[in-house]
Amino acid sequence: MTARRQAKPPQRTLDAGRSVVIVGGGVMGCSAAFELAKRGVAVTVLERSVPGAEASSAAAGILGAQVEAHHPGPMTELGLASRKLYAGFVGELERASGIAIGYRRSGVLKVAYAAAAVSKLERAWAWQKKAKLPLRKLSRRELGSREPALSTELGGGLWFEDDATLEPRALLPALRVAAEKAGARFQSGSFVKRVAEQGGRASGVELDDGSVVKGSHVVLAAGSWTSLVSQAQALRVVPARGQIVELATSVPLLSSIVFGPDCYLVPRADGRMLIGSTLEFVGFKREVTAGAVAKLLAAAIRLVPGLAEAELRQHWSSFRPYTADELPLLGPSATPGLVFMSGHYRNGILLAPISAKIVAACVLGEKPPLDLAPFLPDRRATSSP
Ligand SMILES: Cc1cc2nc3c(=O)[nH]c(=O)nc-3n(C[C@H](O)[C@H](O)[C@H](O)COP(=O)(O)OP(=O)(O)OC[C@H]3O[C@@H](n4cnc5c(N)ncnc54)[C@H](O)[C@@H]3O)c2cc1C
């Protein structure tokens with residue numbers, strides 16, 4: 001999808017009563033900034049590095065509302081609600097920023113080798129069929145005609161036609177430009193030490209140089225670092241490292257995203273292919289490891305044998321913001337004026353549009369688009385997912 005025309009500068013009426021300080025310029029902070037600024041709220045985004053420096057630019061860009069949904073529940077509802085918003089969100093963003101973000105309803109194939117493993121997949125996702133979500137089983141032959149580069153060893157798979165993809169490294173600049181054009185201010189190189197309070201209410205934040213940035217509301221969107229800025233939540237956010245390898249071929253070998261055993265493959269239109277990912281609890285260690293690269297490459301080449309001839313381009317790692325119940329911290333905290341927007345773990349890119357609408361509703365005192373009880377930051381984890 002390409003941006004066709006530049007948006008006119010928005011007509012804004014500043015909401016004199018509210019000024020929002022957002023901590024963190026990842027996909028969460030930038031989407032909240034765009035949504036709030038469009039609605040006339042004065043917004044300042046404080047980012048210790050540059051916007052998009054961390055997990056949000058490292059993501060593969062899968063909008064996997066169905067392939068990532070293993071059972072019905074609040075997370076699935078959140079993902080589906082966000083996927084529904086995506087086409088409109090992208091159109092608005094591309095018009096406002098002039099930056100194309102590579103959004104495509106690519107569909108996702110979840111594949112397995114043995115016939116028994118294919119049947120297991122079918123049973124595991126049967127609840128989605130019952131819920132009338134678009135999903136189809138593909139035989140080995142159907143798989144081969146849809147994606148001829150896939151291994152003939154595969155026994156079949158599931159086809160999630162409404163799951164989609166985009167380029168996170170274009171999404172982040174687009175969000176920042178669009179938010180800035182709508183009136184948001186970005187302050188890079190601003191390290192937030194803590195949330196400041198006055199009379200029991202959030203009144204802004206204190207930076208590491210001792211200065212204070214005041215606001216009627218603070219939105220905490222510091223990703224994996226959220227619990228280092230504030231402890232005003234029962235569940236901690238911790239980093240879950242993920243590593244990615246990027247290959248390239250002269251023409252794309254796949255058109256859809258493929259989830260296989262031991263890796264997923266995300267094709268780009270220009271022949272790049274992302275291979276992801278690991279899930280590691282190793283603190284903030286930023287390495288890419290030889291063992292992970294070896295395993296990802298082996299799994300990818302088994303899935304698509306033609307990748308053995310691909311050029312090895314680059315590799316990277318970053319930190320998914322993880323919580324013990326794998327649900328985000330989203331909504332008002334026990335401290336009035338302090339709103340959380342963090343802990344989106346494996347699906348922050350997918351969840352950005354709905355999360356931005358939720359945060360805007362919290363700041364503006366409106367009814368949120370869905371029930372926030374499961375996501376409230378002062379909940380306790382009752383059970384593992
Ligand atoms: C390898 C990998 C692949 C992924 N693939 C996908 C995918 O395909 N689809 C999907 O939906 N999701 C994916 N994710 C998850 C997604 O990237 C995250 O859920 C999402 O980016 C989180 O966004 P965020 O804004 O909360 O965090 P971040 O992008 O990490 O942003 C947080 C920002 O806060 C700043 N910050 C931190 N502390 C402070 C402070 N004290 N003061 C000022 N600024 C501060 C940081 O510098 C950072 O820029 C993936 C993640 C990884 C690691």
# chains A, B, ... in the order shown; residues from 1 in each chain; ligands from 1
$ residues_near_ligand --ligand "ligand 1" --cutoff "7 Å" --atoms "only C-alpha atoms and all ligand atoms" --output "tab-separated table (two decimals) with all heavy atoms, in the first residue's frame"
chain	number	residue	atom	x	y	z
A	23	VAL	N	6.10	8.40	28.39
A	23	VAL	CA	7.45	7.90	28.63
A	23	VAL	C	7.70	6.74	27.67
A	23	VAL	O	7.08	5.68	27.78
A	23	VAL	CB	7.62	7.41	30.09
A	23	VAL	CG1	9.06	6.96	30.33
A	23	VAL	CG2	7.20	8.49	31.07
A	24	GLY	N	8.61	6.94	26.69
A	24	GLY	CA	8.95	5.88	25.74
A	24	GLY	C	8.40	6.18	24.36
A	24	GLY	O	7.22	6.47	24.19
A	25	GLY	N	9.29	6.10	23.38
A	25	GLY	CA	8.90	6.38	21.98
A	25	GLY	C	8.95	5.13	21.13
A	25	GLY	O	9.43	5.16	20.00
A	26	GLY	N	8.44	4.01	21.66
A	26	GLY	CA	8.27	2.80	20.84
A	26	GLY	C	6.92	2.87	20.15
A	26	GLY	O	6.28	3.94	20.10
A	27	VAL	N	6.47	1.72	19.62
A	27	VAL	CA	5.20	1.74	18.90
A	27	VAL	C	4.06	2.18	19.81
A	27	VAL	O	3.12	2.86	19.37
A	27	VAL	CB	4.92	0.35	18.25
A	27	VAL	CG1	4.58	-0.71	19.30
A	27	VAL	CG2	3.83	0.44	17.20
A	28	MET	N	4.17	1.84	21.11
A	28	MET	CA	3.10	2.24	22.03
A	28	MET	C	3.08	3.75	22.24
A	28	MET	O	2.06	4.41	22.04
A	28	MET	CB	3.25	1.51	23.38
A	28	MET	CG	2.96	0.05	23.27
A	28	MET	SD	1.27	-0.22	22.65
A	28	MET	CE	1.48	-1.72	21.72
A	29	GLY	N	4.23	4.30	22.67
A	29	GLY	CA	4.28	5.74	22.93
A	29	GLY	C	3.92	6.55	21.70
A	29	GLY	O	3.18	7.54	21.77
A	46	LEU	N	8.82	11.54	25.78
A	46	LEU	CA	10.20	11.55	26.29
A	46	LEU	C	10.82	10.20	25.99
A	46	LEU	O	10.33	9.17	26.43
A	46	LEU	CB	10.20	11.81	27.80
A	46	LEU	CG	9.54	13.13	28.22
A	46	LEU	CD1	9.41	13.20	29.73
A	46	LEU	CD2	10.33	14.32	27.68
A	47	GLU	N	11.89	10.22	25.22
A	47	GLU	CA	12.53	8.96	24.80
A	47	GLU	C	14.01	9.08	25.16
A	47	GLU	O	14.67	10.03	24.78
A	47	GLU	CB	12.30	8.77	23.30
A	47	GLU	CG	13.15	7.74	22.62
A	47	GLU	CD	13.09	6.34	23.24
A	47	GLU	OE1	11.99	5.78	23.39
A	47	GLU	OE2	14.18	5.80	23.58
A	48	ARG	N	14.52	8.10	25.88
A	48	ARG	CA	15.93	8.18	26.32
A	48	ARG	C	16.90	8.04	25.16
A	48	ARG	O	18.02	8.52	25.20
A	48	ARG	CB	16.22	7.11	27.37
A	48	ARG	CG	16.04	5.74	26.80
A	48	ARG	CD	16.40	4.62	27.72
A	48	ARG	NE	16.30	3.42	26.90
A	48	ARG	CZ	16.43	2.20	27.30
A	48	ARG	NH1	16.67	1.98	28.57
A	48	ARG	NH2	16.34	1.18	26.49
A	49	SER	N	16.46	7.37	24.08
A	49	SER	CA	17.32	7.19	22.90
A	49	SER	C	16.67	7.97	21.75
A	49	SER	O	16.55	9.20	21.84
A	49	SER	CB	17.42	5.69	22.61
A	49	SER	OG	18.15	5.46	21.45
A	50	VAL	N	16.28	7.27	20.70
A	50	VAL	CA	15.50	7.92	19.63
A	50	VAL	C	14.22	7.09	19.45
A	50	VAL	O	14.22	5.89	19.74
A	50	VAL	CB	16.26	7.99	18.29
A	50	VAL	CG1	17.42	8.95	18.36
A	50	VAL	CG2	16.74	6.61	17.84
A	51	PRO	N	13.13	7.71	18.96
A	51	PRO	CA	11.90	6.93	18.79
A	51	PRO	C	12.14	5.68	17.93
A	51	PRO	O	12.84	5.74	16.92
A	51	PRO	CB	10.96	7.91	18.08
A	51	PRO	CG	11.46	9.26	18.48
A	51	PRO	CD	12.95	9.12	18.61
A	52	GLY	N	11.59	4.58	18.39
A	52	GLY	CA	11.73	3.32	17.64
A	52	GLY	C	13.06	2.62	17.86
A	52	GLY	O	13.42	1.71	17.11
A	53	ALA	N	13.78	3.01	18.91
A	53	ALA	CA	15.13	2.45	19.10
A	53	ALA	C	15.12	0.99	19.52
A	53	ALA	O	16.10	0.29	19.32
A	53	ALA	CB	15.87	3.27	20.16
A	54	GLU	N	14.03	0.52	20.12
A	54	GLU	CA	14.10	-0.79	20.77
A	54	GLU	C	13.19	-1.83	20.10
A	54	GLU	O	13.22	-1.94	18.89
A	54	GLU	CB	13.76	-0.62	22.26
A	54	GLU	CG	14.76	0.28	23.00
A	54	GLU	CD	16.13	-0.38	23.21
A	54	GLU	OE1	16.27	-1.58	22.92
A	54	GLU	OE2	17.05	0.31	23.68
A	55	ALA	N	12.40	-2.56	20.89
A	55	ALA	CA	11.67	-3.73	20.37
A	55	ALA	C	10.85	-3.41	19.12
A	55	ALA	O	10.74	-4.24	18.20
A	55	ALA	CB	10.74	-4.27	21.45
A	56	SER	N	10.26	-2.21	19.08
A	56	SER	CA	9.31	-1.92	18.01
A	56	SER	C	9.95	-1.98	16.62
A	56	SER	O	9.29	-2.38	15.66
A	56	SER	CB	8.65	-0.57	18.25
A	56	SER	OG	8.02	-0.59	19.50
A	57	SER	N	11.21	-1.59	16.50
A	57	SER	CA	11.87	-1.67	15.19
A	57	SER	C	12.48	-3.03	14.94
A	57	SER	O	12.84	-3.36	13.81
A	57	SER	CB	12.96	-0.61	15.07
A	57	SER	OG	12.39	0.66	15.21
A	58	ALA	N	12.59	-3.83	15.99
A	58	ALA	CA	13.19	-5.17	15.86
A	58	ALA	C	12.14	-6.21	15.48
A	58	ALA	O	12.47	-7.33	15.10
A	58	ALA	CB	13.84	-5.57	17.17
A	59	ALA	N	10.86	-5.83	15.61
A	59	ALA	CA	9.79	-6.81	15.41
A	59	ALA	C	9.73	-7.30	13.97
A	59	ALA	O	10.18	-6.61	13.04
A	59	ALA	CB	8.45	-6.18	15.80
A	60	ALA	N	9.13	-8.49	13.80
A	60	ALA	CA	9.01	-9.05	12.45
A	60	ALA	C	7.87	-8.41	11.67
A	60	ALA	O	7.84	-8.48	10.45
A	60	ALA	CB	8.79	-10.56	12.56
A	61	GLY	N	6.91	-7.83	12.39
A	61	GLY	CA	5.80	-7.16	11.70
A	61	GLY	C	4.65	-8.08	11.34
A	61	GLY	O	3.89	-7.82	10.40
A	62	ILE	N	4.48	-9.15	12.11
A	62	ILE	CA	3.34	-10.05	11.88
A	62	ILE	C	2.13	-9.50	12.64
A	62	ILE	O	2.25	-9.19	13.82
A	62	ILE	CB	3.66	-11.47	12.42
A	62	ILE	CG1	4.95	-12.00	11.79
A	62	ILE	CG2	2.49	-12.42	12.22
A	62	ILE	CD1	5.56	-13.17	12.55
A	63	LEU	N	1.00	-9.38	11.94
A	63	LEU	CA	-0.23	-8.98	12.62
A	63	LEU	C	-1.05	-10.26	12.76
A	63	LEU	O	-1.98	-10.53	12.00
A	63	LEU	CB	-0.96	-7.90	11.80
A	63	LEU	CG	-0.08	-6.67	11.44
A	63	LEU	CD1	-0.84	-5.69	10.56
A	63	LEU	CD2	0.45	-5.97	12.68
A	64	GLY	N	-0.66	-11.06	13.74
A	64	GLY	CA	-1.15	-12.45	13.85
A	64	GLY	C	-2.26	-12.63	14.85
A	64	GLY	O	-2.16	-13.44	15.76
A	190	SER	N	16.02	11.89	26.47
A	190	SER	CA	15.49	12.28	27.79
A	190	SER	C	15.22	11.02	28.61
A	190	SER	O	14.27	10.27	28.33
A	190	SER	CB	14.16	13.03	27.62
A	190	SER	OG	14.37	14.19	26.88
A	191	PHE	N	16.06	10.78	29.59
A	191	PHE	CA	15.94	9.57	30.41
A	191	PHE	C	15.05	9.86	31.61
A	191	PHE	O	15.38	10.68	32.47
A	191	PHE	CB	17.33	9.12	30.88
A	191	PHE	CG	17.30	7.80	31.60
A	191	PHE	CD1	17.63	6.63	30.93
A	191	PHE	CD2	16.93	7.72	32.93
A	191	PHE	CE1	17.59	5.40	31.59
A	191	PHE	CE2	16.89	6.50	33.59
A	191	PHE	CZ	17.21	5.34	32.92
A	192	VAL	N	13.91	9.19	31.68
A	192	VAL	CA	12.97	9.42	32.79
A	192	VAL	C	13.36	8.53	33.97
A	192	VAL	O	13.50	7.32	33.83
A	192	VAL	CB	11.52	9.10	32.34
A	192	VAL	CG1	10.56	9.17	33.51
A	192	VAL	CG2	11.08	10.04	31.23
A	193	LYS	N	13.55	9.20	35.13
A	193	LYS	CA	13.94	8.44	36.33
A	193	LYS	C	12.73	7.91	37.07
A	193	LYS	O	12.70	6.80	37.55
A	193	LYS	CB	14.72	9.38	37.27
A	193	LYS	CG	16.15	8.91	37.47
A	193	LYS	CD	17.00	9.88	38.22
A	193	LYS	CE	16.46	10.20	39.60
A	193	LYS	NZ	17.29	11.19	40.30
A	221	ALA	N	4.96	4.07	28.75
A	221	ALA	CA	5.07	3.19	27.57
A	221	ALA	C	6.54	2.86	27.35
A	221	ALA	O	7.06	2.97	26.24
A	221	ALA	CB	4.46	3.88	26.35
A	222	ALA	N	7.20	2.45	28.44
A	222	ALA	CA	8.65	2.24	28.38
A	222	ALA	C	9.02	0.79	28.09
A	222	ALA	O	10.14	0.34	28.38
A	222	ALA	CB	9.29	2.71	29.68
A	223	GLY	N	8.12	0.02	27.50
A	223	GLY	CA	8.40	-1.34	27.07
A	223	GLY	C	8.99	-2.19	28.19
A	223	GLY	O	8.49	-2.17	29.34
A	224	SER	N	10.05	-2.92	27.90
A	224	SER	CA	10.66	-3.83	28.87
A	224	SER	C	11.25	-3.10	30.08
A	224	SER	O	11.61	-3.75	31.06
A	224	SER	CB	11.76	-4.65	28.19
A	224	SER	OG	11.19	-5.55	27.29
A	225	TRP	N	11.38	-1.77	29.99
A	225	TRP	CA	11.99	-0.99	31.07
A	225	TRP	C	10.95	-0.35	31.99
A	225	TRP	O	11.29	0.37	32.91
A	225	TRP	CB	12.91	0.10	30.47
A	225	TRP	CG	14.04	-0.52	29.70
A	225	TRP	CD1	15.29	-0.80	30.18
A	225	TRP	CD2	14.02	-0.95	28.34
A	225	TRP	NE1	16.02	-1.41	29.20
A	225	TRP	CE2	15.28	-1.51	28.05
A	225	TRP	CE3	13.06	-0.94	27.33
A	225	TRP	CZ2	15.61	-2.04	26.80
A	225	TRP	CZ3	13.38	-1.47	26.09
A	225	TRP	CH2	14.64	-2.00	25.82
A	226	THR	N	9.67	-0.64	31.74
A	226	THR	CA	8.59	0.01	32.48
A	226	THR	C	8.74	-0.12	33.99
A	226	THR	O	8.58	0.86	34.73
A	226	THR	CB	7.23	-0.58	32.01
A	226	THR	OG1	7.08	-0.25	30.63
A	226	THR	CG2	6.06	-0.05	32.80
A	229	VAL	N	11.00	2.24	35.78
A	229	VAL	CA	10.57	3.64	35.93
A	229	VAL	C	9.53	3.76	37.05
A	229	VAL	O	9.52	4.73	37.80
A	229	VAL	CB	9.96	4.18	34.60
A	229	VAL	CG1	9.51	5.63	34.74
A	229	VAL	CG2	10.96	4.04	33.46
A	241	ARG	N	13.95	-11.90	25.51
A	241	ARG	CA	14.74	-11.63	24.30
A	241	ARG	C	14.27	-12.45	23.11
A	241	ARG	O	13.91	-13.62	23.24
A	241	ARG	CB	16.22	-11.94	24.57
A	241	ARG	CG	17.12	-11.55	23.39
A	241	ARG	CD	18.59	-11.67	23.74
A	241	ARG	NE	19.04	-13.05	23.77
A	241	ARG	CZ	20.28	-13.40	24.11
A	241	ARG	NH1	21.16	-12.46	24.44
A	241	ARG	NH2	20.63	-14.67	24.12
A	242	GLY	N	14.30	-11.83	21.94
A	242	GLY	CA	14.01	-12.52	20.69
A	242	GLY	C	15.09	-12.19	19.68
A	242	GLY	O	15.53	-11.05	19.59
A	243	GLN	N	15.55	-13.21	18.94
A	243	GLN	CA	16.58	-13.00	17.92
A	243	GLN	C	15.98	-13.24	16.53
A	243	GLN	O	15.13	-14.12	16.37
A	243	GLN	CB	17.74	-13.97	18.13
A	243	GLN	CG	18.35	-13.88	19.53
A	243	GLN	CD	19.60	-14.74	19.67
A	243	GLN	OE1	20.41	-14.85	18.75
A	243	GLN	NE2	19.77	-15.34	20.83
A	244	ILE	N	16.46	-12.49	15.57
A	244	ILE	CA	15.96	-12.61	14.18
A	244	ILE	C	17.15	-12.64	13.21
A	244	ILE	O	18.14	-11.94	13.43
A	244	ILE	CB	15.03	-11.42	13.83
A	244	ILE	CG1	13.71	-11.59	14.59
A	244	ILE	CG2	14.77	-11.31	12.33
A	244	ILE	CD1	12.57	-10.72	14.15
A	276	GLY	N	12.38	-15.81	12.38
A	276	GLY	CA	12.31	-15.57	13.81
A	276	GLY	C	11.83	-16.81	14.51
A	276	GLY	O	11.35	-17.73	13.87
A	277	SER	N	11.79	-16.84	15.71
A	277	SER	CA	12.58	-16.06	16.63
A	277	SER	C	12.80	-16.91	17.86
A	277	SER	O	12.16	-17.95	18.02
A	277	SER	CB	11.81	-14.78	16.99
A	277	SER	OG	12.58	-14.00	17.88
A	317	SER	N	18.70	-8.65	17.82
A	317	SER	CA	17.86	-9.14	18.91
A	317	SER	C	17.27	-7.94	19.63
A	317	SER	O	17.78	-6.82	19.52
A	317	SER	CB	18.68	-9.98	19.90
A	317	SER	OG	19.50	-9.14	20.68
A	318	SER	N	16.18	-8.18	20.34
A	318	SER	CA	15.61	-7.13	21.19
A	318	SER	C	14.72	-7.77	22.26
A	318	SER	O	14.67	-8.99	22.36
A	318	SER	CB	14.85	-6.09	20.37
A	318	SER	OG	14.59	-4.96	21.20
A	319	PHE	N	14.03	-6.92	23.02
A	319	PHE	CA	13.36	-7.38	24.22
A	319	PHE	C	11.86	-7.16	24.16
A	319	PHE	O	11.38	-6.02	24.14
A	319	PHE	CB	13.94	-6.64	25.44
A	319	PHE	CG	15.45	-6.73	25.48
A	319	PHE	CD1	16.25	-5.62	25.20
A	319	PHE	CD2	16.06	-7.95	25.74
A	319	PHE	CE1	17.62	-5.73	25.20
A	319	PHE	CE2	17.45	-8.06	25.75
A	319	PHE	CZ	18.23	-6.94	25.48
A	320	ARG	N	11.12	-8.27	24.19
A	320	ARG	CA	9.64	-8.18	24.26
A	320	ARG	C	9.26	-7.87	25.70
A	320	ARG	O	9.75	-8.54	26.61
A	320	ARG	CB	8.99	-9.50	23.88
A	320	ARG	CG	9.38	-10.08	22.54
A	320	ARG	CD	8.76	-11.46	22.41
A	320	ARG	NE	9.18	-12.16	21.21
A	320	ARG	CZ	10.23	-12.97	21.16
A	320	ARG	NH1	10.98	-13.18	22.23
A	320	ARG	NH2	10.54	-13.58	20.04
A	321	PRO	N	8.37	-6.90	25.92
A	321	PRO	CA	7.94	-6.62	27.30
A	321	PRO	C	6.95	-7.69	27.79
A	321	PRO	O	5.82	-7.75	27.35
A	321	PRO	CB	7.29	-5.24	27.20
A	321	PRO	CG	7.07	-4.98	25.75
A	321	PRO	CD	7.81	-5.96	24.94
A	341	MET	N	0.72	1.60	29.52
A	341	MET	CA	0.58	1.13	28.14
A	341	MET	C	1.82	0.29	27.86
A	341	MET	O	2.74	0.71	27.15
A	341	MET	CB	0.54	2.35	27.21
A	341	MET	CG	0.15	2.04	25.79
A	341	MET	SD	0.35	3.46	24.74
A	341	MET	CE	-0.64	3.00	23.34
A	342	SER	N	1.86	-0.89	28.45
A	342	SER	CA	3.09	-1.67	28.37
A	342	SER	C	2.79	-3.16	28.45
A	342	SER	O	1.65	-3.58	28.57
A	342	SER	CB	4.01	-1.24	29.51
A	342	SER	OG	5.24	-1.92	29.39
A	343	GLY	N	3.85	-3.98	28.39
A	343	GLY	CA	3.70	-5.43	28.56
A	343	GLY	C	3.00	-6.11	27.40
A	343	GLY	O	2.35	-7.14	27.57
A	344	HIS	N	3.16	-5.60	26.20
A	344	HIS	CA	2.47	-6.18	25.04
A	344	HIS	C	3.18	-7.41	24.48
A	344	HIS	O	2.76	-7.97	23.47
A	344	HIS	CB	2.27	-5.13	23.95
A	344	HIS	CG	1.30	-4.05	24.32
A	344	HIS	ND1	1.64	-3.03	25.17
A	344	HIS	CD2	0.01	-3.85	23.99
A	344	HIS	CE1	0.59	-2.24	25.33
A	344	HIS	NE2	-0.41	-2.71	24.62
A	345	TYR	N	4.28	-7.76	25.09
A	345	TYR	CA	4.96	-9.03	24.86
A	345	TYR	C	5.17	-9.33	23.36
A	345	TYR	O	5.83	-8.57	22.69
A	345	TYR	CB	4.17	-10.14	25.57
A	345	TYR	CG	4.80	-11.51	25.61
A	345	TYR	CD1	6.18	-11.66	25.71
A	345	TYR	CD2	4.03	-12.67	25.56
A	345	TYR	CE1	6.76	-12.92	25.76
A	345	TYR	CE2	4.60	-13.93	25.62
A	345	TYR	CZ	5.95	-14.05	25.69
A	345	TYR	OH	6.51	-15.30	25.73
A	346	ARG	N	4.56	-10.42	22.82
A	346	ARG	CA	4.86	-10.86	21.45
A	346	ARG	C	4.07	-10.10	20.39
A	346	ARG	O	4.31	-10.28	19.20
A	346	ARG	CB	4.46	-12.33	21.28
A	346	ARG	CG	5.14	-13.29	22.16
A	346	ARG	CD	4.42	-14.63	22.13
A	346	ARG	NE	4.36	-15.19	20.80
A	346	ARG	CZ	5.28	-16.00	20.30
A	346	ARG	NH1	6.29	-16.37	21.02
A	346	ARG	NH2	5.16	-16.47	19.07
A	347	ASN	N	3.10	-9.25	20.80
A	347	ASN	CA	2.14	-8.73	19.82
A	347	ASN	C	1.93	-7.22	19.87
A	347	ASN	O	0.85	-6.73	19.55
A	347	ASN	CB	0.80	-9.47	20.00
A	347	ASN	CG	0.90	-10.90	19.51
A	347	ASN	OD1	1.13	-11.14	18.33
A	347	ASN	ND2	0.77	-11.84	20.43
A	348	GLY	N	2.97	-6.50	20.23
A	348	GLY	CA	2.82	-5.05	20.37
A	348	GLY	C	2.52	-4.33	19.06
A	348	GLY	O	1.80	-3.32	19.05
A	349	ILE	N	3.03	-4.84	17.95
A	349	ILE	CA	2.77	-4.16	16.68
A	349	ILE	C	1.29	-4.36	16.34
A	349	ILE	O	0.57	-3.40	16.01
A	349	ILE	CB	3.68	-4.71	15.55
A	349	ILE	CG1	5.17	-4.60	15.94
A	349	ILE	CG2	3.39	-4.00	14.23
A	349	ILE	CD1	5.70	-3.22	16.14
A	350	LEU	N	0.83	-5.60	16.47
A	350	LEU	CA	-0.60	-5.88	16.24
A	350	LEU	C	-1.48	-5.01	17.14
A	350	LEU	O	-2.50	-4.48	16.70
A	350	LEU	CB	-0.88	-7.37	16.53
A	350	LEU	CG	-2.35	-7.76	16.66
A	350	LEU	CD1	-3.06	-7.65	15.31
A	350	LEU	CD2	-2.50	-9.18	17.21
A	351	LEU	N	-1.09	-4.87	18.40
A	351	LEU	CA	-1.99	-4.26	19.39
A	351	LEU	C	-1.90	-2.73	19.45
A	351	LEU	O	-2.63	-2.12	20.25
A	351	LEU	CB	-1.70	-4.86	20.77
A	351	LEU	CG	-1.97	-6.36	20.89
A	351	LEU	CD1	-1.47	-6.90	22.23
A	351	LEU	CD2	-3.46	-6.67	20.72
$ select_by_dssp --residues "range 143-305 of chain A" --states "strand (DSSP E or B)" --output "PDB file with C-alpha atoms, in the first residue's frame"
ATOM      1  CA  GLY A 156      -0.287 -29.775   5.438  1.00  0.00           C
ATOM      2  CA  GLY A 157      -1.329 -26.861   7.572  1.00  0.00           C
ATOM      3  CA  LEU A 158      -3.825 -24.208   8.566  1.00  0.00           C
ATOM      4  CA  TRP A 159      -4.524 -21.026   6.608  1.00  0.00           C
ATOM      5  CA  PHE A 160      -5.327 -17.816   8.497  1.00  0.00           C
ATOM      6  CA  ALA A 164      -1.422  -9.585   7.888  1.00  0.00           C
ATOM      7  CA  THR A 165       2.015  -8.004   7.895  1.00  0.00           C
ATOM      8  CA  ARG A 185       6.509  17.074  20.699  1.00  0.00           C
ATOM      9  CA  PHE A 186       9.307  14.518  20.825  1.00  0.00           C
ATOM     10  CA  GLN A 187      12.282  14.899  23.159  1.00  0.00           C
ATOM     11  CA  SER A 188      14.952  12.342  22.315  1.00  0.00           C
ATOM     12  CA  VAL A 192      12.967   9.421  32.786  1.00  0.00           C
ATOM     13  CA  LYS A 193      13.943   8.444  36.332  1.00  0.00           C
ATOM     14  CA  ARG A 194      10.530   8.331  37.958  1.00  0.00           C
ATOM     15  CA  VAL A 195       6.941   9.496  37.882  1.00  0.00           C
ATOM     16  CA  ALA A 196       6.428  12.701  39.924  1.00  0.00           C
ATOM     17  CA  GLU A 197       3.354  13.020  42.151  1.00  0.00           C
ATOM     18  CA  GLN A 198       1.581  15.938  43.749  1.00  0.00           C
ATOM     19  CA  ARG A 201      -1.757  12.290  41.689  1.00  0.00           C
ATOM     20  CA  ALA A 202       0.742  11.920  38.844  1.00  0.00           C
ATOM     21  CA  SER A 203       1.955  15.411  38.000  1.00  0.00           C
ATOM     22  CA  GLY A 204       4.671  14.665  35.442  1.00  0.00           C
ATOM     23  CA  VAL A 205       8.047  12.938  35.434  1.00  0.00           C
ATOM     24  CA  GLU A 206      11.528  13.582  36.765  1.00  0.00           C
ATOM     25  CA  LEU A 207      14.446  13.215  34.333  1.00  0.00           C
ATOM     26  CA  VAL A 212      10.732  17.862  35.889  1.00  0.00           C
ATOM     27  CA  VAL A 213       8.401  17.702  32.893  1.00  0.00           C
ATOM     28  CA  LYS A 214       4.891  18.472  34.108  1.00  0.00           C
ATOM     29  CA  HIS A 217      -1.412  12.725  32.812  1.00  0.00           C
ATOM     30  CA  VAL A 218       1.577  10.423  32.435  1.00  0.00           C
ATOM     31  CA  VAL A 219       1.448   7.494  30.006  1.00  0.00           C
ATOM     32  CA  LEU A 220       4.023   4.859  30.828  1.00  0.00           C
ATOM     33  CA  VAL A 238      10.521  -8.160  32.271  1.00  0.00           C
ATOM     34  CA  PRO A 239      12.478  -8.537  29.028  1.00  0.00           C
ATOM     35  CA  ALA A 240      11.975 -11.651  26.883  1.00  0.00           C
ATOM     36  CA  ARG A 241      14.740 -11.625  24.300  1.00  0.00           C
ATOM     37  CA  GLY A 242      14.011 -12.524  20.685  1.00  0.00           C
ATOM     38  CA  GLN A 243      16.581 -12.998  17.918  1.00  0.00           C
ATOM     39  CA  ILE A 244      15.965 -12.605  14.181  1.00  0.00           C
ATOM     40  CA  VAL A 245      18.023 -13.473  11.098  1.00  0.00           C
ATOM     41  CA  GLU A 246      17.446 -11.725   7.754  1.00  0.00           C
ATOM     42  CA  LEU A 247      18.168 -13.443   4.428  1.00  0.00           C
ATOM     43  CA  ALA A 248      17.564 -12.191   0.893  1.00  0.00           C
ATOM     44  CA  ILE A 257       3.953 -15.678   6.336  1.00  0.00           C
ATOM     45  CA  VAL A 258       4.779 -19.254   7.360  1.00  0.00           C
ATOM     46  CA  PHE A 259       4.817 -20.511  10.953  1.00  0.00           C
ATOM     47  CA  GLY A 260       6.650 -23.832  11.075  1.00  0.00           C
ATOM     48  CA  CYS A 263      10.782 -20.833  13.340  1.00  0.00           C
ATOM     49  CA  TYR A 264       8.544 -18.464  11.420  1.00  0.00           C
ATOM     50  CA  LEU A 265       9.295 -16.900   8.037  1.00  0.00           C
ATOM     51  CA  VAL A 266       8.188 -13.410   7.057  1.00  0.00           C
ATOM     52  CA  PRO A 267       8.681 -12.596   3.355  1.00  0.00           C
ATOM     53  CA  ARG A 272      14.130 -10.195   2.074  1.00  0.00           C
ATOM     54  CA  MET A 273      13.038 -12.977   4.391  1.00  0.00           C
ATOM     55  CA  LEU A 274      12.982 -12.641   8.167  1.00  0.00           C
ATOM     56  CA  ILE A 275      13.505 -15.788  10.223  1.00  0.00           C
ATOM     57  CA  GLY A 276      12.310 -15.569  13.810  1.00  0.00           C
ATOM     58  CA  GLU A 280      14.829 -16.214  26.122  1.00  0.00           C
TER      59      GLU A 280
END
$ select_by_dssp --residues "range 151-254 of chain A" --states "alpha helix (DSSP H)" --output "list in words"
Pro168, Arg169, Ala170, Leu171, Leu172, Pro173, Ala174, Leu175, Arg176, Val177, Ala178, Ala179, Glu180, Lys181, Thr226, Ser227, Leu228 and Val229 of chain A
$ closest_atom_pairs --of "range 169-189 of chain A" --to "range 73-92 of chain A" --cutoff "10 Å" --atoms "only C-alpha atoms" --output "JSON lines"
{"residue": "A:Leu171", "atom": "CA", "partner": "A:Val90", "partner_atom": "CA", "distance": 8.9}
{"residue": "A:Ala174", "atom": "CA", "partner": "A:Val90", "partner_atom": "CA", "distance": 9.6}
{"residue": "A:Leu175", "atom": "CA", "partner": "A:Val90", "partner_atom": "CA", "distance": 9.8}
{"residue": "A:Ala178", "atom": "CA", "partner": "A:Glu92", "partner_atom": "CA", "distance": 9.0}
